[in-house]
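*Asks:* One file is attached below, protein-v1.pdb, containing PDB, C-alpha atoms.
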```pdb
MODEL        1
ATOM      1  CA  MET A   1       0.000   0.000   0.000
ATOM      2  CA  SER A   2       1.486   3.374  -1.041
ATOM      3  CA  LYS A   3       2.074   6.097   1.521
ATOM      4  CA  PRO A   4       0.052   9.334   1.437
ATOM      5  CA  TYR A   5       1.727  12.203  -0.387
ATOM      6  CA  VAL A   6       2.532  15.474   1.407
ATOM      7  CA  PHE A   7       3.770  18.625  -0.332
ATOM      8  CA  ILE A   8       5.397  21.480   1.597
ATOM      9  CA  THR A   9       5.466  24.852  -0.131
ATOM     10  CA  ARG A  10       8.646  26.230   1.465
ATOM     11  CA  LYS A  11      11.875  24.703   2.717
ATOM     12  CA  ILE A  12      11.605  24.016   6.453
ATOM     13  CA  SER A  13      13.521  22.022   9.047
ATOM     14  CA  GLU A  14      14.324  18.471   7.916
ATOM     15  CA  GLU A  15      14.544  17.428  11.553
ATOM     16  CA  VAL A  16      10.982  18.561  12.186
ATOM     17  CA  LEU A  17       9.788  16.407   9.293
ATOM     18  CA  THR A  18      11.301  13.117  10.510
ATOM     19  CA  PRO A  19       8.083  11.795  12.161
ATOM     20  CA  LEU A  20       6.034  12.769   9.100
ATOM     21  CA  LYS A  21       8.393  10.969   6.739
ATOM     22  CA  GLN A  22       7.809   7.758   8.653
ATOM     23  CA  ILE A  23       4.189   7.637   7.504
ATOM     24  CA  ALA A  24       4.161   9.671   4.276
ATOM     25  CA  ASP A  25       6.027  10.464   1.085
ATOM     26  CA  VAL A  26       7.126  14.067   1.697
ATOM     27  CA  GLN A  27       8.264  16.505  -0.991
ATOM     28  CA  MET A  28       9.295  20.092  -0.311
ATOM     29  CA  TRP A  29       9.826  23.164  -2.460
ATOM     30  CA  ASN A  30      13.573  23.658  -2.235
ATOM     31  CA  SER A  31      13.716  27.332  -1.275
ATOM     32  CA  GLU A  32      13.343  29.040   2.073
ATOM     33  CA  SER A  33      12.886  32.529   0.663
ATOM     34  CA  GLU A  34      11.324  32.052  -2.790
ATOM     35  CA  ALA A  35       7.615  31.237  -2.925
ATOM     36  CA  VAL A  36       6.579  28.134  -4.805
ATOM     37  CA  PRO A  37       5.314  29.115  -8.283
ATOM     38  CA  ARG A  38       1.567  28.968  -8.675
ATOM     39  CA  GLU A  39       1.714  26.383 -11.469
ATOM     40  CA  VAL A  40       3.911  24.096  -9.347
ATOM     41  CA  LEU A  41       1.574  24.355  -6.374
ATOM     42  CA  LEU A  42      -1.467  23.520  -8.525
ATOM     43  CA  LYS A  43       0.278  20.499 -10.023
ATOM     44  CA  GLU A  44       1.445  19.182  -6.666
ATOM     45  CA  ALA A  45      -1.991  19.686  -5.135
ATOM     46  CA  GLU A  46      -3.551  17.434  -7.771
ATOM     47  CA  ASN A  47      -1.812  14.441  -6.156
ATOM     48  CA  ALA A  48      -1.390  15.570  -2.565
ATOM     49  CA  ASP A  49      -3.111  14.092   0.467
ATOM     50  CA  ALA A  50      -1.830  17.002   2.551
ATOM     51  CA  LEU A  51      -0.341  20.449   2.003
ATOM     52  CA  LEU A  52       1.780  22.461   4.409
ATOM     53  CA  THR A  53       1.382  26.051   3.225
ATOM     54  CA  MET A  54       2.518  29.616   3.933
ATOM     55  CA  LEU A  55       0.420  32.785   4.073
ATOM     56  CA  SER A  56       1.771  33.698   0.640
ATOM     57  CA  ASP A  57       0.232  30.564  -0.940
ATOM     58  CA  SER A  58      -3.260  30.986  -2.345
ATOM     59  CA  VAL A  59      -5.308  27.909  -1.505
ATOM     60  CA  ASP A  60      -8.318  28.973  -3.507
ATOM     61  CA  GLU A  61     -11.312  27.334  -5.133
ATOM     62  CA  GLN A  62      -9.337  26.413  -8.242
ATOM     63  CA  LEU A  63      -6.766  24.500  -6.220
ATOM     64  CA  LEU A  64      -9.257  22.804  -3.918
ATOM     65  CA  GLU A  65     -11.602  21.736  -6.710
ATOM     66  CA  ASN A  66      -8.718  20.019  -8.500
ATOM     67  CA  ALA A  67      -7.188  18.185  -5.540
ATOM     68  CA  PRO A  68      -9.268  14.989  -5.255
ATOM     69  CA  ASN A  69      -7.033  13.321  -2.644
ATOM     70  CA  LEU A  70      -6.492  16.357  -0.456
ATOM     71  CA  LYS A  71      -7.506  15.827   3.170
ATOM     72  CA  VAL A  72      -5.759  18.588   5.092
ATOM     73  CA  VAL A  73      -4.097  21.962   4.592
ATOM     74  CA  ALA A  74      -1.835  23.025   7.486
ATOM     75  CA  ASN A  75      -1.081  26.753   7.286
ATOM     76  CA  LEU A  76       2.143  27.947   8.937
ATOM     77  CA  ALA A  77       0.453  30.990  10.502
ATOM     78  CA  VAL A  78      -2.322  32.044  12.820
ATOM     79  CA  GLY A  79      -4.092  33.780   9.954
ATOM     80  CA  TYR A  80      -5.662  31.842   7.109
ATOM     81  CA  ASP A  81      -7.103  34.512   4.820
ATOM     82  CA  ASN A  82      -5.074  32.915   2.021
ATOM     83  CA  ILE A  83      -7.388  29.882   2.160
ATOM     84  CA  ASN A  84     -10.939  29.666   0.805
ATOM     85  CA  LEU A  85     -12.678  28.003   3.760
ATOM     86  CA  GLU A  86     -15.993  27.620   1.978
ATOM     87  CA  ALA A  87     -14.336  25.690  -0.847
ATOM     88  CA  ALA A  88     -12.460  23.614   1.726
ATOM     89  CA  VAL A  89     -15.725  22.634   3.400
ATOM     90  CA  ARG A  90     -17.313  21.711   0.068
ATOM     91  CA  ASN A  91     -14.350  19.521  -0.781
ATOM     92  CA  GLU A  92     -14.106  17.999   2.696
ATOM     93  CA  VAL A  93     -10.636  19.380   3.329
ATOM     94  CA  ILE A  94      -9.606  20.160   6.903
ATOM     95  CA  VAL A  95      -7.819  23.493   7.399
ATOM     96  CA  CYS A  96      -5.458  23.993  10.342
ATOM     97  CA  ASN A  97      -3.441  26.935  11.624
ATOM     98  CA  THR A  98      -0.876  27.605  14.373
ATOM     99  CA  PRO A  99      -2.577  29.603  17.135
ATOM    100  CA  ASP A 100      -1.256  30.354  20.620
ATOM    101  CA  VAL A 101       2.318  29.193  20.032
ATOM    102  CA  LEU A 102       3.390  32.540  18.577
ATOM    103  CA  THR A 103       1.556  34.867  20.948
ATOM    104  CA  GLU A 104       4.407  35.979  23.183
ATOM    105  CA  THR A 105       6.971  36.159  20.375
ATOM    106  CA  THR A 106       4.705  38.387  18.284
ATOM    107  CA  ALA A 107       3.954  40.558  21.313
ATOM    108  CA  ASP A 108       7.707  41.009  21.837
ATOM    109  CA  LEU A 109       8.117  42.131  18.227
ATOM    110  CA  THR A 110       5.116  44.468  18.433
ATOM    111  CA  PHE A 111       6.400  46.221  21.509
ATOM    112  CA  GLY A 112       9.923  46.353  20.092
ATOM    113  CA  LEU A 113       8.608  47.903  16.880
ATOM    114  CA  MET A 114       6.741  50.523  18.884
ATOM    115  CA  LEU A 115       9.877  51.332  20.881
ATOM    116  CA  SER A 116      11.960  51.517  17.728
ATOM    117  CA  ALA A 117       9.600  53.947  16.037
ATOM    118  CA  ALA A 118       9.214  56.063  19.177
ATOM    119  CA  ARG A 119      12.916  56.312  20.021
ATOM    120  CA  ARG A 120      14.095  56.449  16.381
ATOM    121  CA  LEU A 121      16.334  53.426  16.877
ATOM    122  CA  THR A 122      16.712  52.449  13.235
ATOM    123  CA  GLU A 123      17.452  56.058  12.263
ATOM    124  CA  ALA A 124      20.114  56.197  14.979
ATOM    125  CA  HIS A 125      21.553  52.854  13.861
ATOM    126  CA  HIS A 126      22.033  54.092  10.293
ATOM    127  CA  PHE A 127      23.287  57.456  11.560
ATOM    128  CA  VAL A 128      26.200  55.742  13.301
ATOM    129  CA  LYS A 129      26.944  53.158  10.601
ATOM    130  CA  GLU A 130      26.973  55.796   7.869
ATOM    131  CA  GLY A 131      29.557  57.880   9.741
ATOM    132  CA  GLN A 132      27.271  60.828  10.448
ATOM    133  CA  TRP A 133      27.877  60.927  14.205
ATOM    134  CA  GLN A 134      30.347  63.779  14.639
ATOM    135  CA  SER A 135      29.346  65.213  18.006
ATOM    136  CA  TRP A 136      26.751  65.133  20.752
ATOM    137  CA  SER A 137      23.847  67.559  20.881
ATOM    138  CA  PRO A 138      20.852  67.879  23.206
ATOM    139  CA  TYR A 139      18.206  66.946  20.644
ATOM    140  CA  LEU A 140      20.274  64.596  18.479
ATOM    141  CA  LEU A 141      17.810  61.964  17.191
ATOM    142  CA  ALA A 142      15.494  62.747  20.076
ATOM    143  CA  GLY A 143      12.375  60.634  19.957
ATOM    144  CA  THR A 144       9.378  60.451  22.238
ATOM    145  CA  ASP A 145       8.811  58.617  25.504
ATOM    146  CA  VAL A 146       6.871  55.385  25.701
ATOM    147  CA  HIS A 147       6.622  55.065  29.470
ATOM    148  CA  HIS A 148       3.471  56.488  31.028
ATOM    149  CA  LYS A 149       1.959  57.313  27.640
ATOM    150  CA  THR A 150      -1.355  55.934  26.320
ATOM    151  CA  ILE A 151      -1.466  52.863  24.094
ATOM    152  CA  GLY A 152      -4.565  52.017  22.080
ATOM    153  CA  ILE A 153      -4.794  48.383  20.988
ATOM    154  CA  VAL A 154      -7.155  47.535  18.145
ATOM    155  CA  GLY A 155      -7.756  43.790  18.315
ATOM    156  CA  MET A 156      -7.537  42.577  21.917
ATOM    157  CA  GLY A 157      -7.009  38.889  21.266
ATOM    158  CA  SER A 158      -4.244  36.838  22.835
ATOM    159  CA  ILE A 159      -1.462  38.865  21.185
ATOM    160  CA  GLY A 160      -3.133  42.167  22.033
ATOM    161  CA  THR A 161      -3.488  41.087  25.652
ATOM    162  CA  SER A 162       0.193  40.135  25.782
ATOM    163  CA  VAL A 163       1.168  43.518  24.320
ATOM    164  CA  ALA A 164      -0.996  45.153  27.002
ATOM    165  CA  ARG A 165       0.914  43.263  29.714
ATOM    166  CA  ARG A 166       4.159  44.694  28.379
ATOM    167  CA  ALA A 167       2.595  48.157  28.265
ATOM    168  CA  LYS A 168       1.550  47.840  31.897
ATOM    169  CA  GLY A 169       5.187  47.240  32.793
ATOM    170  CA  PHE A 170       5.981  50.601  31.173
ATOM    171  CA  GLY A 171       3.310  52.321  33.237
ATOM    172  CA  MET A 172       1.165  53.008  30.180
ATOM    173  CA  GLU A 173      -2.539  53.718  30.169
ATOM    174  CA  ILE A 174      -4.163  50.931  28.144
ATOM    175  CA  LEU A 175      -7.119  51.544  25.836
ATOM    176  CA  TYR A 176      -8.533  48.874  23.566
ATOM    177  CA  HIS A 177     -11.158  48.285  20.900
ATOM    178  CA  ASN A 178     -12.455  44.843  20.046
ATOM    179  CA  ARG A 179     -15.544  43.187  18.604
ATOM    180  CA  SER A 180     -16.502  42.346  22.185
ATOM    181  CA  ARG A 181     -15.457  43.435  25.664
ATOM    182  CA  HIS A 182     -12.449  41.642  27.133
ATOM    183  CA  ALA A 183     -13.310  41.330  30.829
ATOM    184  CA  ALA A 184     -10.087  39.498  31.721
ATOM    185  CA  ALA A 185      -7.912  42.262  30.253
ATOM    186  CA  GLU A 186      -9.965  44.897  32.025
ATOM    187  CA  ASN A 187      -9.684  43.123  35.386
ATOM    188  CA  GLU A 188      -6.037  42.047  35.132
ATOM    189  CA  LEU A 189      -4.529  45.034  33.355
ATOM    190  CA  GLY A 190      -6.933  47.888  33.938
ATOM    191  CA  ALA A 191      -7.546  48.156  30.205
ATOM    192  CA  THR A 192     -10.360  50.491  29.178
ATOM    193  CA  TYR A 193     -12.754  49.626  26.364
ATOM    194  CA  MET A 194     -13.296  52.434  23.859
ATOM    195  CA  SER A 195     -15.081  52.925  20.588
ATOM    196  CA  PHE A 196     -12.706  52.873  17.633
ATOM    197  CA  GLU A 197     -12.988  56.639  17.202
ATOM    198  CA  GLU A 198     -12.416  57.359  20.889
ATOM    199  CA  LEU A 199      -9.344  55.136  20.918
ATOM    200  CA  LEU A 200      -7.831  56.912  17.914
ATOM    201  CA  GLU A 201      -8.363  60.321  19.473
ATOM    202  CA  GLY A 202      -6.978  59.383  22.885
ATOM    203  CA  SER A 203      -3.912  57.259  22.097
ATOM    204  CA  ASP A 204      -0.261  58.204  21.783
ATOM    205  CA  TYR A 205       0.424  54.818  20.184
ATOM    206  CA  VAL A 206      -2.194  53.060  18.071
ATOM    207  CA  VAL A 207      -1.383  49.370  17.682
ATOM    208  CA  CYS A 208      -3.265  47.317  15.085
ATOM    209  CA  LEU A 209      -3.493  43.587  15.766
ATOM    210  CA  THR A 210      -6.890  42.878  14.257
ATOM    211  CA  PRO A 211      -7.365  40.053  11.746
ATOM    212  CA  LEU A 212      -8.384  40.778   8.172
ATOM    213  CA  THR A 213     -12.122  40.417   7.607
ATOM    214  CA  ALA A 214     -14.690  42.091   5.397
ATOM    215  CA  ASP A 215     -15.358  44.487   8.294
ATOM    216  CA  THR A 216     -11.716  45.352   9.010
ATOM    217  CA  LYS A 217     -10.419  45.853   5.460
ATOM    218  CA  HIS A 218      -9.319  49.514   5.188
ATOM    219  CA  LEU A 219     -10.385  50.074   8.801
ATOM    220  CA  PHE A 220      -7.505  52.516   9.014
ATOM    221  CA  ASP A 221      -8.540  54.965   6.326
ATOM    222  CA  ALA A 222      -8.089  58.704   5.819
ATOM    223  CA  ASP A 223     -10.669  59.534   8.497
ATOM    224  CA  ALA A 224      -8.973  57.233  11.004
ATOM    225  CA  PHE A 225      -5.578  58.895  10.574
ATOM    226  CA  LYS A 226      -7.138  62.372  10.773
ATOM    227  CA  ARG A 227      -8.599  61.443  14.158
ATOM    228  CA  MET A 228      -5.208  60.518  15.621
ATOM    229  CA  LYS A 229      -3.020  62.944  17.505
ATOM    230  CA  SER A 230      -0.409  64.661  15.348
ATOM    231  CA  SER A 231       2.153  63.208  17.780
ATOM    232  CA  ALA A 232       0.773  59.662  17.503
ATOM    233  CA  ILE A 233       2.683  56.667  16.179
ATOM    234  CA  PHE A 234       0.828  53.939  14.297
ATOM    235  CA  VAL A 235       2.007  50.328  14.605
ATOM    236  CA  ASN A 236       0.667  47.487  12.450
ATOM    237  CA  VAL A 237       1.515  43.848  13.125
ATOM    238  CA  GLY A 238      -1.914  42.581  12.039
ATOM    239  CA  ARG A 239      -2.616  42.486   8.302
ATOM    240  CA  GLY A 240      -1.554  44.933   5.630
ATOM    241  CA  GLN A 241      -4.991  45.175   4.005
ATOM    242  CA  VAL A 242      -6.484  46.545   7.208
ATOM    243  CA  VAL A 243      -4.746  49.801   6.267
ATOM    244  CA  ASP A 244      -5.470  52.051   3.311
ATOM    245  CA  GLU A 245      -1.805  52.642   2.457
ATOM    246  CA  GLU A 246      -2.514  55.709   0.335
ATOM    247  CA  ALA A 247      -4.233  57.260   3.342
ATOM    248  CA  LEU A 248      -1.274  56.358   5.575
ATOM    249  CA  ILE A 249       1.177  57.899   3.123
ATOM    250  CA  HIS A 250      -0.933  61.068   3.002
ATOM    251  CA  ALA A 251      -1.121  61.200   6.798
ATOM    252  CA  LEU A 252       2.673  60.989   7.046
ATOM    253  CA  GLU A 253       3.198  63.584   4.303
ATOM    254  CA  GLN A 254       0.783  66.008   5.940
ATOM    255  CA  LYS A 255       2.158  65.268   9.423
ATOM    256  CA  GLU A 256      -1.271  64.160  10.602
ATOM    257  CA  ILE A 257       0.636  61.486  12.552
ATOM    258  CA  ALA A 258       4.269  61.460  13.711
ATOM    259  CA  GLY A 259       5.412  58.061  12.468
ATOM    260  CA  ALA A 260       4.718  54.385  11.947
ATOM    261  CA  GLY A 261       6.120  50.948  12.703
ATOM    262  CA  LEU A 262       5.041  48.385  10.112
ATOM    263  CA  ASP A 263       5.621  44.632   9.979
ATOM    264  CA  VAL A 264       2.933  43.986   7.348
ATOM    265  CA  PHE A 265       2.008  45.647   4.067
ATOM    266  CA  TYR A 266      -0.822  45.657   1.560
ATOM    267  CA  LYS A 267       1.218  43.665  -0.919
ATOM    268  CA  GLU A 268       4.241  41.665   0.186
ATOM    269  CA  PRO A 269       7.121  41.780  -0.297
ATOM    270  CA  ILE A 270       7.290  45.520  -0.914
ATOM    271  CA  GLY A 271       9.973  46.992  -3.139
ATOM    272  CA  ALA A 272      12.736  49.327  -2.013
ATOM    273  CA  ASP A 273      10.997  52.106  -3.972
ATOM    274  CA  HIS A 274       7.745  51.803  -2.003
ATOM    275  CA  PRO A 275       6.587  55.297  -0.921
ATOM    276  CA  LEU A 276       6.330  54.283   2.746
ATOM    277  CA  LEU A 277      10.042  53.523   2.835
ATOM    278  CA  GLN A 278      10.923  57.093   1.910
ATOM    279  CA  PHE A 279       9.880  58.407   5.326
ATOM    280  CA  PRO A 280      12.649  58.375   7.959
ATOM    281  CA  GLN A 281       9.994  58.157  10.669
ATOM    282  CA  VAL A 282       8.707  54.802   9.336
ATOM    283  CA  VAL A 283      10.265  51.607  10.674
ATOM    284  CA  ALA A 284       9.583  48.791   8.203
ATOM    285  CA  LEU A 285      10.111  45.082   8.872
ATOM    286  CA  PRO A 286       9.686  42.074   6.517
ATOM    287  CA  HIS A 287       6.708  40.383   8.260
ATOM    288  CA  ILE A 288       8.760  38.812  11.058
ATOM    289  CA  GLY A 289       6.255  39.012  13.914
ATOM    290  CA  SER A 290       6.685  35.375  14.942
ATOM    291  CA  ALA A 291      10.252  34.988  13.662
ATOM    292  CA  SER A 292      12.186  33.556  16.538
ATOM    293  CA  VAL A 293      13.901  30.222  15.979
ATOM    294  CA  GLU A 294      12.016  28.677  18.877
ATOM    295  CA  THR A 295       8.576  29.842  17.789
ATOM    296  CA  ARG A 296       8.934  29.125  14.081
ATOM    297  CA  THR A 297      10.137  25.593  14.918
ATOM    298  CA  THR A 298       7.152  25.072  17.200
ATOM    299  CA  MET A 299       4.839  26.301  14.439
ATOM    300  CA  MET A 300       6.363  23.795  12.015
ATOM    301  CA  GLU A 301       5.926  21.016  14.567
ATOM    302  CA  LEU A 302       2.263  21.901  15.045
ATOM    303  CA  CYS A 303       1.672  21.836  11.279
ATOM    304  CA  ARG A 304       3.415  18.477  11.099
ATOM    305  CA  ASP A 305       1.384  17.047  13.982
ATOM    306  CA  ASN A 306      -1.875  18.280  12.462
ATOM    307  CA  ILE A 307      -1.068  16.575   9.168
ATOM    308  CA  ILE A 308      -0.081  13.317  10.859
ATOM    309  CA  ALA A 309      -3.275  13.327  12.933
ATOM    310  CA  VAL A 310      -5.532  13.774   9.904
ATOM    311  CA  LEU A 311      -3.681  11.198   7.794
ATOM    312  CA  GLU A 312      -3.996   8.700  10.641
ATOM    313  CA  GLY A 313      -7.703   9.395  11.068
ATOM    314  CA  ARG A 314      -7.392  11.352  14.294
ATOM    315  CA  LYS A 315      -8.568  14.864  15.164
ATOM    316  CA  ALA A 316      -6.093  17.655  14.439
ATOM    317  CA  LYS A 317      -5.033  19.968  17.271
ATOM    318  CA  SER A 318      -5.996  23.303  15.695
ATOM    319  CA  VAL A 319      -8.775  23.129  13.138
ATOM    320  CA  VAL A 320     -10.214  26.352  11.727
ATOM    321  CA  GLY A 321     -12.347  24.929   8.927
ATOM    322  CA  GLY A 322     -13.305  21.909   6.896
ATOM    323  CA  LYS A 323     -15.187  18.753   7.670
TER     324      LYS A 323
ENDMDL
END
```
Could you quickly redo this structure as structure tokens?
*Replies:*
Amino acid sequence: MSKPYVFITRKISEEVLTPLKQIADVQMWNSESEAVPREVLLKEAENADALLTMLSDSVDEQLLENAPNLKVVANLAVGYDNINLEAAVRNEVIVCNTPDVLTETTADLTFGLMLSAARRLTEAHHFVKEGQWQSWSPYLLAGTDVHHKTIGIVGMGSIGTSVARRAKGFGMEILYHNRSRHAAAENELGATYMSFEELLEGSDYVVCLTPLTADTKHLFDADAFKRMKSSAIFVNVGRGQVVDEEALIHALEQKEIAGAGLDVFYKEPIGADHPLLQFPQVVALPHIGSASVETRTTMMELCRDNIIAVLEGRKAKSVVGGK
């Protein structure tokens, strides 16, 4: 009896795959940085019993309708907006993600990005490396304080709550907006629920951690940036499409806000000529929210375990859709 066939769309740890290779024929796209071409993914999916995918891989209706053996798609991310869940259900394909394991790592990155934008750390780094540091002066690369300021968190899920815990350690006032009240965060951290508009108007740092949905697409539009303080810094570690980038660019040009820290963009990867990268007060990162060695390895292991469970007829650990 032949083993089930598993295709992995990006090069990951061979060591992590050892248990999977004991029960399945495993093939992997041989690049860590280059996305698998669409035509290759479609061809592999035609024969696959399982796919291990990245956020950059479109698992759409076309793919799912032409993958008769496919039983499970394990997405190496918390988000899964790259997957058509309705088509997965119709084709009896289980969809899994990697929740919880990246919460603290992403919260670290979020808070670090906020600090970097506030204290102009990347500007200062380049200032020194480019030989511009000739003397000391009182306002040389002076940024703005983070401690005892007000942070407004849009999307108070597990990552948002962990960011709020870090903010509490800095003595910050914590505001939040969410689809529903978060009683635990209010009781533990003294977080205050606000309407979206009230949060924008009252925050020194506006941190976006909301998932991408029909309701949140372009949530941060021209009106949203106009409502912010002119001294405010906007941080996005959620999804790029939640932000109207043209509106953000305009807000920075017109000094409606003071700066931004961005780990996600509307279209990724962005080019070096992207308008947002021309602003010295913008700190831009290449979507590395969960990128610690420990966390990314744990995410790979969870994807692997989900695939093994489904192929062996057991329930996967983190199912978000499918039969």
*Asks:* Hey, what's within 10 Å of region 18-30 of chain A if we count all atoms listed in the file and toss same-chain stuff fewer than 4 positions away? As a PyMOL selection string, please?
*Replies:* chain A and resi 2-14+34-37+40-41+44+48-52+301+304-305+307-308+311-312
*Asks:* Show me the residues around (3.5, 61.0, 4.7) - criterion: an atom at most 7 Å away, all atoms listed in the file counted - as a list in words.
*Replies:* Leu248, Ile249, His250, Ala251, Leu252, Glu253, Gln254, Lys255 and Phe279 of chain A
*Asks:* With a cut-off of 9 Å, could you pull out the residues of region 131-154 of chain A touching region 164-167 of chain A and give me the nearest pair of atoms for each, distance in Å to one decimal, using only C-alpha atoms, ordered by chain and ascending number, as a Markdown table?
*Replies:*
```
| residue | atom | partner | partner_atom | distance |
| --- | --- | --- | --- | --- |
| A:Val146 | CA | A:Ala167 | CA | 8.8 |
| A:His147 | CA | A:Ala167 | CA | 8.1 |
| A:His148 | CA | A:Ala167 | CA | 8.8 |
| A:Thr150 | CA | A:Ala167 | CA | 8.9 |
| A:Ile151 | CA | A:Ala167 | CA | 7.5 |
| A:Ile153 | CA | A:Ala164 | CA | 7.8 |
```
*Asks:* Do you have the CA of Thr297 (chain A)-CA of Gly321 (chain A) distance handy?
*Replies:*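 Taking CA of Thr297 (chain A) as the start and CA of Gly321 (chain A) as the end point, the length is 23.3 Å.
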*Asks:* Apply the PyMOL selection byres ((chain A and resi 163) around 12) to the structure shown and report the selected residues as a PDB file with C-alpha atoms, in the frame of the given file.
*Replies:*
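Result written to result_39.pdb:
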```pdb
ATOM      1  CA  THR A 103       1.556  34.867  20.948  1.00  0.00           C
ATOM      2  CA  GLU A 104       4.407  35.979  23.183  1.00  0.00           C
ATOM      3  CA  THR A 105       6.971  36.159  20.375  1.00  0.00           C
ATOM      4  CA  THR A 106       4.705  38.387  18.284  1.00  0.00           C
ATOM      5  CA  ALA A 107       3.954  40.558  21.313  1.00  0.00           C
ATOM      6  CA  ASP A 108       7.707  41.009  21.837  1.00  0.00           C
ATOM      7  CA  LEU A 109       8.117  42.131  18.227  1.00  0.00           C
ATOM      8  CA  THR A 110       5.116  44.468  18.433  1.00  0.00           C
ATOM      9  CA  PHE A 111       6.400  46.221  21.509  1.00  0.00           C
ATOM     10  CA  GLY A 112       9.923  46.353  20.092  1.00  0.00           C
ATOM     11  CA  LEU A 113       8.608  47.903  16.880  1.00  0.00           C
ATOM     12  CA  MET A 114       6.741  50.523  18.884  1.00  0.00           C
ATOM     13  CA  ILE A 151      -1.466  52.863  24.094  1.00  0.00           C
ATOM     14  CA  GLY A 152      -4.565  52.017  22.080  1.00  0.00           C
ATOM     15  CA  ILE A 153      -4.794  48.383  20.988  1.00  0.00           C
ATOM     16  CA  VAL A 154      -7.155  47.535  18.145  1.00  0.00           C
ATOM     17  CA  GLY A 155      -7.756  43.790  18.315  1.00  0.00           C
ATOM     18  CA  MET A 156      -7.537  42.577  21.917  1.00  0.00           C
ATOM     19  CA  GLY A 157      -7.009  38.889  21.266  1.00  0.00           C
ATOM     20  CA  SER A 158      -4.244  36.838  22.835  1.00  0.00           C
ATOM     21  CA  ILE A 159      -1.462  38.865  21.185  1.00  0.00           C
ATOM     22  CA  GLY A 160      -3.133  42.167  22.033  1.00  0.00           C
ATOM     23  CA  THR A 161      -3.488  41.087  25.652  1.00  0.00           C
ATOM     24  CA  SER A 162       0.193  40.135  25.782  1.00  0.00           C
ATOM     25  CA  ALA A 164      -0.996  45.153  27.002  1.00  0.00           C
ATOM     26  CA  ARG A 165       0.914  43.263  29.714  1.00  0.00           C
ATOM     27  CA  ARG A 166       4.159  44.694  28.379  1.00  0.00           C
ATOM     28  CA  ALA A 167       2.595  48.157  28.265  1.00  0.00           C
ATOM     29  CA  LYS A 168       1.550  47.840  31.897  1.00  0.00           C
ATOM     30  CA  GLY A 169       5.187  47.240  32.793  1.00  0.00           C
ATOM     31  CA  PHE A 170       5.981  50.601  31.173  1.00  0.00           C
ATOM     32  CA  MET A 172       1.165  53.008  30.180  1.00  0.00           C
ATOM     33  CA  ILE A 174      -4.163  50.931  28.144  1.00  0.00           C
ATOM     34  CA  LEU A 175      -7.119  51.544  25.836  1.00  0.00           C
ATOM     35  CA  TYR A 176      -8.533  48.874  23.566  1.00  0.00           C
ATOM     36  CA  ALA A 185      -7.912  42.262  30.253  1.00  0.00           C
ATOM     37  CA  LEU A 189      -4.529  45.034  33.355  1.00  0.00           C
ATOM     38  CA  ALA A 191      -7.546  48.156  30.205  1.00  0.00           C
ATOM     39  CA  VAL A 206      -2.194  53.060  18.071  1.00  0.00           C
ATOM     40  CA  VAL A 207      -1.383  49.370  17.682  1.00  0.00           C
ATOM     41  CA  CYS A 208      -3.265  47.317  15.085  1.00  0.00           C
ATOM     42  CA  LEU A 209      -3.493  43.587  15.766  1.00  0.00           C
ATOM     43  CA  VAL A 235       2.007  50.328  14.605  1.00  0.00           C
ATOM     44  CA  VAL A 237       1.515  43.848  13.125  1.00  0.00           C
TER      45      VAL A 237
END
```
*Asks:* Around (9.6, 56.2, 22.4) in the file's frame, which residues reach within 9 Å when counting all atoms listed in the file? Return as a list in words?
*Replies:*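 These residues have at least one counted atom within 9 Å: Met114, Leu115, Ser116, Ala117, Ala118, Arg119, Arg120, Gly143, Thr144, Asp145, Val146 and His147 of chain A.
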*Asks:* For the provided coordinates, the residues matched by the PyMOL selection byres ((chain A and resi 259-263) around 6) should be stated as a count of residues only.
*Replies:* 17
